[in-house]
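For reference, the structure is listed below as structure tokens.
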Amino acid sequence: MTLSIDYLWWAECPSHEEGLALLRAVIAAEGIDAVIRRVEVCDESDAQRLHFIGSPTILVNGQDIDPHPVASGAASIYALTCRAYQRDDGRMAPLPTREWLRRRLSALNTS
Amino acid sequence: MSRLPIGASAIPFELPGIDGRHYSLETFADHQVLGLIFSCNHCPYVQAWEERMIDVQHEYAERGVALVLINANDPQKYPVDSFEAMQQRAQTFKYPFPYLHDQPQTTARAYGAERTPEVFLFNQARELVYHGAVDDNREPEHVQQHYLRNAIEAVLANQPPPISETPAVGCTIKWSV
């Protein structure tokens, strides 16, 4: 079954291209059948409408790739902001690791 | 808004710190090097570089180097960047530097700061000698160029930094209007 992936990004957050390249690389390496749709989030109304919790946000078949998303700290849950991902070692970073992405995509691909 | 150019003089400020004191350029008059770093609580880029900023301050504290973090984000938009939250973060991570609140955002605007973290490093004459990122990679294990550390070493040796300007990589400052 083909995975439908929405890659939501905000231009003011600098890592969206790197994040997309990472996502594509993991999909290719794992041989996952997926279609990626890039969705630019341009303003606060977009953020609310798309339930955007930060850039980049990856939705797999409509489901957030992170089962435990980190709160952005903004007044609204949905906001134009950079997203934080918690690493396995507890560190926070603007992008997930390749290994974390691989695990999550594999899990969602078989669920 | 124009960014402070290399060689320009530090712009005076007076800002409250999380410790209840007020800080200005004069507070650091006895330090050979002064680094103002626009920062905040919520940004994952700050969080990625936070430990390295702390390490730099620890490493250079006894050599006359003062780093000062300034948070100018609008706490209405980002409650996690409020003064109280700043106090909590500084305590949790044992900040070895002052953490100042630029609530009117006038200092950030005066310096032309745009992102967090964004470094403005001054020599003893308080001329801007380095502006930009802490280093060249948010992943500590992949760093090749230690911009801030190299600039500090150069200033301490009365030399110009090998690289004086780099793009600051991080979240945008959250302006009130």
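Residues in the structure tokens are numbered from 1 in each chain, the chains being A, B, ... in the order shown, and ligands are numbered from 1 in the order shown.
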- [ ] Give as a PyMOL selection string every residue of chain B that touches chain A within 10 Å, counting only C-alpha atoms.
- [x] chain B and resi 41-49+74-81+115+138-139+169-172+174
- [ ] Would you mind listing what lies within 12 Å of B:Phe28 as a ChimeraX atom specification, with only C-alpha atoms counted and same-chain residues fewer than 3 positions away left out?
- [x] /B:10,12-13,22-25,31-36,64-68,97-98,122-126
Selected residues, C-alpha atoms, written as a compact mmCIF listing (two decimals), in the first residue's frame, please.
# COMPACT_ATOMS: atom_id res chain seq x y z
CA ALA B 10 28.14 48.19 20.83
CA PRO B 12 24.01 50.76 24.95
CA PHE B 13 21.22 48.82 26.63
CA HIS B 22 19.72 45.28 35.72
CA TYR B 23 22.48 44.92 33.17
CA SER B 24 24.11 47.34 30.76
CA LEU B 25 27.34 47.50 28.76
CA HIS B 31 35.67 41.91 30.63
CA GLN B 32 37.98 41.83 27.64
CA VAL B 33 35.41 40.15 25.42
CA LEU B 34 31.64 40.53 25.46
CA GLY B 35 29.30 38.27 23.52
CA LEU B 36 25.66 39.21 23.28
CA GLY B 64 37.79 37.77 30.71
CA VAL B 65 35.01 36.60 28.44
CA ALA B 66 31.37 37.30 29.25
CA LEU B 67 28.52 35.83 27.28
CA VAL B 68 25.11 37.35 27.83
CA PHE B 97 25.70 33.70 32.10
CA PRO B 98 23.17 36.48 32.63
CA PHE B 122 32.70 42.57 20.87
CA ASN B 123 36.35 43.24 21.66
CA GLN B 124 37.58 45.28 24.61
CA ALA B 125 36.90 48.53 22.74
CA ARG B 126 33.38 47.13 22.27
If you run DSSP over the backbone, which residues in stretch 7-177 of chain B end up strand (DSSP E)? Put them as an mmCIF file with N, CA and C atoms, in the first residue's frame.
data_model
loop_
_atom_site.group_PDB
_atom_site.id
_atom_site.type_symbol
_atom_site.label_atom_id
_atom_site.label_comp_id
_atom_site.auth_asym_id
_atom_site.auth_seq_id
_atom_site.Cartn_x
_atom_site.Cartn_y
_atom_site.Cartn_z
ATOM 1 N N GLU B 14 19.926 48.689 28.614
ATOM 2 C CA GLU B 14 19.725 48.427 30.040
ATOM 3 C C GLU B 14 18.543 47.477 30.142
ATOM 4 N N LEU B 15 18.831 46.282 30.589
ATOM 5 C CA LEU B 15 17.810 45.238 30.569
ATOM 6 C C LEU B 15 17.805 44.480 31.902
ATOM 7 N N PRO B 16 16.627 44.024 32.304
ATOM 8 C CA PRO B 16 16.558 43.215 33.532
ATOM 9 C C PRO B 16 17.018 41.785 33.286
ATOM 10 N N HIS B 22 19.779 44.639 37.035
ATOM 11 C CA HIS B 22 19.718 45.281 35.722
ATOM 12 C C HIS B 22 21.122 45.298 35.129
ATOM 13 N N TYR B 23 21.192 45.049 33.847
ATOM 14 C CA TYR B 23 22.478 44.919 33.169
ATOM 15 C C TYR B 23 22.594 45.939 32.042
ATOM 16 N N SER B 24 23.819 46.418 31.868
ATOM 17 C CA SER B 24 24.113 47.343 30.765
ATOM 18 C C SER B 24 25.512 47.008 30.252
ATOM 19 N N VAL B 33 36.270 40.546 26.547
ATOM 20 C CA VAL B 33 35.408 40.147 25.420
ATOM 21 C C VAL B 33 33.964 40.057 25.918
ATOM 22 N N LEU B 34 33.062 40.591 25.114
ATOM 23 C CA LEU B 34 31.644 40.533 25.459
ATOM 24 C C LEU B 34 30.867 39.942 24.282
ATOM 25 N N GLY B 35 30.141 38.877 24.553
ATOM 26 C CA GLY B 35 29.305 38.266 23.520
ATOM 27 C C GLY B 35 27.841 38.390 23.882
ATOM 28 N N LEU B 36 27.105 39.129 23.090
ATOM 29 C CA LEU B 36 25.660 39.205 23.277
ATOM 30 C C LEU B 36 25.029 38.176 22.350
ATOM 31 N N ILE B 37 24.241 37.295 22.912
ATOM 32 C CA ILE B 37 23.616 36.244 22.102
ATOM 33 C C ILE B 37 22.096 36.357 22.241
ATOM 34 N N PHE B 38 21.445 36.704 21.144
ATOM 35 C CA PHE B 38 19.987 36.729 21.168
ATOM 36 C C PHE B 38 19.512 35.286 21.178
ATOM 37 N N SER B 39 18.691 34.985 22.167
ATOM 38 C CA SER B 39 18.330 33.604 22.446
ATOM 39 C C SER B 39 16.884 33.559 22.930
ATOM 40 N N VAL B 65 36.049 36.668 29.465
ATOM 41 C CA VAL B 65 35.007 36.596 28.445
ATOM 42 C C VAL B 65 33.641 36.486 29.124
ATOM 43 N N ALA B 66 32.738 37.362 28.731
ATOM 44 C CA ALA B 66 31.368 37.303 29.251
ATOM 45 C C ALA B 66 30.404 37.086 28.096
ATOM 46 N N LEU B 67 29.645 36.022 28.207
ATOM 47 C CA LEU B 67 28.525 35.827 27.281
ATOM 48 C C LEU B 67 27.253 36.240 28.007
ATOM 49 N N VAL B 68 26.369 36.867 27.265
ATOM 50 C CA VAL B 68 25.110 37.351 27.831
ATOM 51 C C VAL B 68 23.984 36.947 26.894
ATOM 52 N N LEU B 69 23.009 36.232 27.413
ATOM 53 C CA LEU B 69 21.871 35.834 26.585
ATOM 54 C C LEU B 69 20.748 36.858 26.733
ATOM 55 N N ILE B 70 20.143 37.202 25.607
ATOM 56 C CA ILE B 70 19.046 38.181 25.598
ATOM 57 C C ILE B 70 17.846 37.557 24.881
ATOM 58 N N ASN B 71 16.730 37.517 25.578
ATOM 59 C CA ASN B 71 15.498 36.983 24.981
ATOM 60 C C ASN B 71 14.555 38.150 24.674
ATOM 61 N N TYR B 99 20.930 36.131 31.853
ATOM 62 C CA TYR B 99 19.863 35.886 30.866
ATOM 63 C C TYR B 99 18.915 37.081 30.983
ATOM 64 N N LEU B 100 18.924 37.919 29.975
ATOM 65 C CA LEU B 100 18.229 39.204 30.042
ATOM 66 C C LEU B 100 16.938 39.181 29.231
ATOM 67 N N HIS B 101 15.985 39.956 29.710
ATOM 68 C CA HIS B 101 14.666 40.003 29.060
ATOM 69 C C HIS B 101 14.514 41.340 28.334
ATOM 70 N N ARG B 115 17.384 36.350 14.529
ATOM 71 C CA ARG B 115 17.170 34.933 14.840
ATOM 72 C C ARG B 115 17.689 34.574 16.226
ATOM 73 N N THR B 116 17.326 33.395 16.645
ATOM 74 C CA THR B 116 17.877 32.825 17.880
ATOM 75 C C THR B 116 18.387 31.418 17.575
ATOM 76 N N GLU B 118 21.716 34.046 17.875
ATOM 77 C CA GLU B 118 22.471 34.945 16.992
ATOM 78 C C GLU B 118 23.490 35.696 17.844
ATOM 79 N N VAL B 119 24.750 35.553 17.489
ATOM 80 C CA VAL B 119 25.860 36.053 18.304
ATOM 81 C C VAL B 119 26.358 37.402 17.790
ATOM 82 N N PHE B 120 26.565 38.341 18.719
ATOM 83 C CA PHE B 120 27.280 39.598 18.432
ATOM 84 C C PHE B 120 28.454 39.647 19.413
ATOM 85 N N LEU B 121 29.673 39.502 18.899
ATOM 86 C CA LEU B 121 30.854 39.426 19.759
ATOM 87 C C LEU B 121 31.666 40.714 19.655
ATOM 88 N N PHE B 122 32.009 41.285 20.815
ATOM 89 C CA PHE B 122 32.703 42.568 20.868
ATOM 90 C C PHE B 122 34.072 42.427 21.531
ATOM 91 N N LEU B 128 32.272 45.551 17.237
ATOM 92 C CA LEU B 128 31.778 44.242 16.802
ATOM 93 C C LEU B 128 32.836 43.551 15.950
ATOM 94 N N VAL B 129 33.237 42.365 16.389
ATOM 95 C CA VAL B 129 34.281 41.641 15.657
ATOM 96 C C VAL B 129 33.768 40.341 15.042
ATOM 97 N N TYR B 130 32.647 39.856 15.567
ATOM 98 C CA TYR B 130 32.063 38.641 14.967
ATOM 99 C C TYR B 130 30.554 38.699 15.120
ATOM 100 N N HIS B 131 29.877 38.299 14.070
ATOM 101 C CA HIS B 131 28.415 38.221 14.112
ATOM 102 C C HIS B 131 27.966 36.948 13.404
ATOM 103 N N GLY B 132 27.032 36.224 14.032
ATOM 104 C CA GLY B 132 26.461 35.066 13.346
ATOM 105 C C GLY B 132 26.206 33.879 14.241
ATOM 106 N N CYS B 171 15.567 30.093 14.810
ATOM 107 C CA CYS B 171 14.191 30.586 14.720
ATOM 108 C C CYS B 171 14.212 32.099 14.542
ATOM 109 N N THR B 172 13.187 32.621 13.934
ATOM 110 C CA THR B 172 13.072 34.078 13.852
ATOM 111 C C THR B 172 12.649 34.617 15.216
#
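Take atom CA of A:Leu59 and atom CA of A:Ala47: the distance between them is 14.0 Å.
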- [ ] List every residue of stretch 61-148 of chain B that DSSP, applied to the backbone of this structure, assigns to alpha helix (DSSP H), and report them as an MDAnalysis selection string.
- [x] chainID B and resid 83:92 106:111 147:148
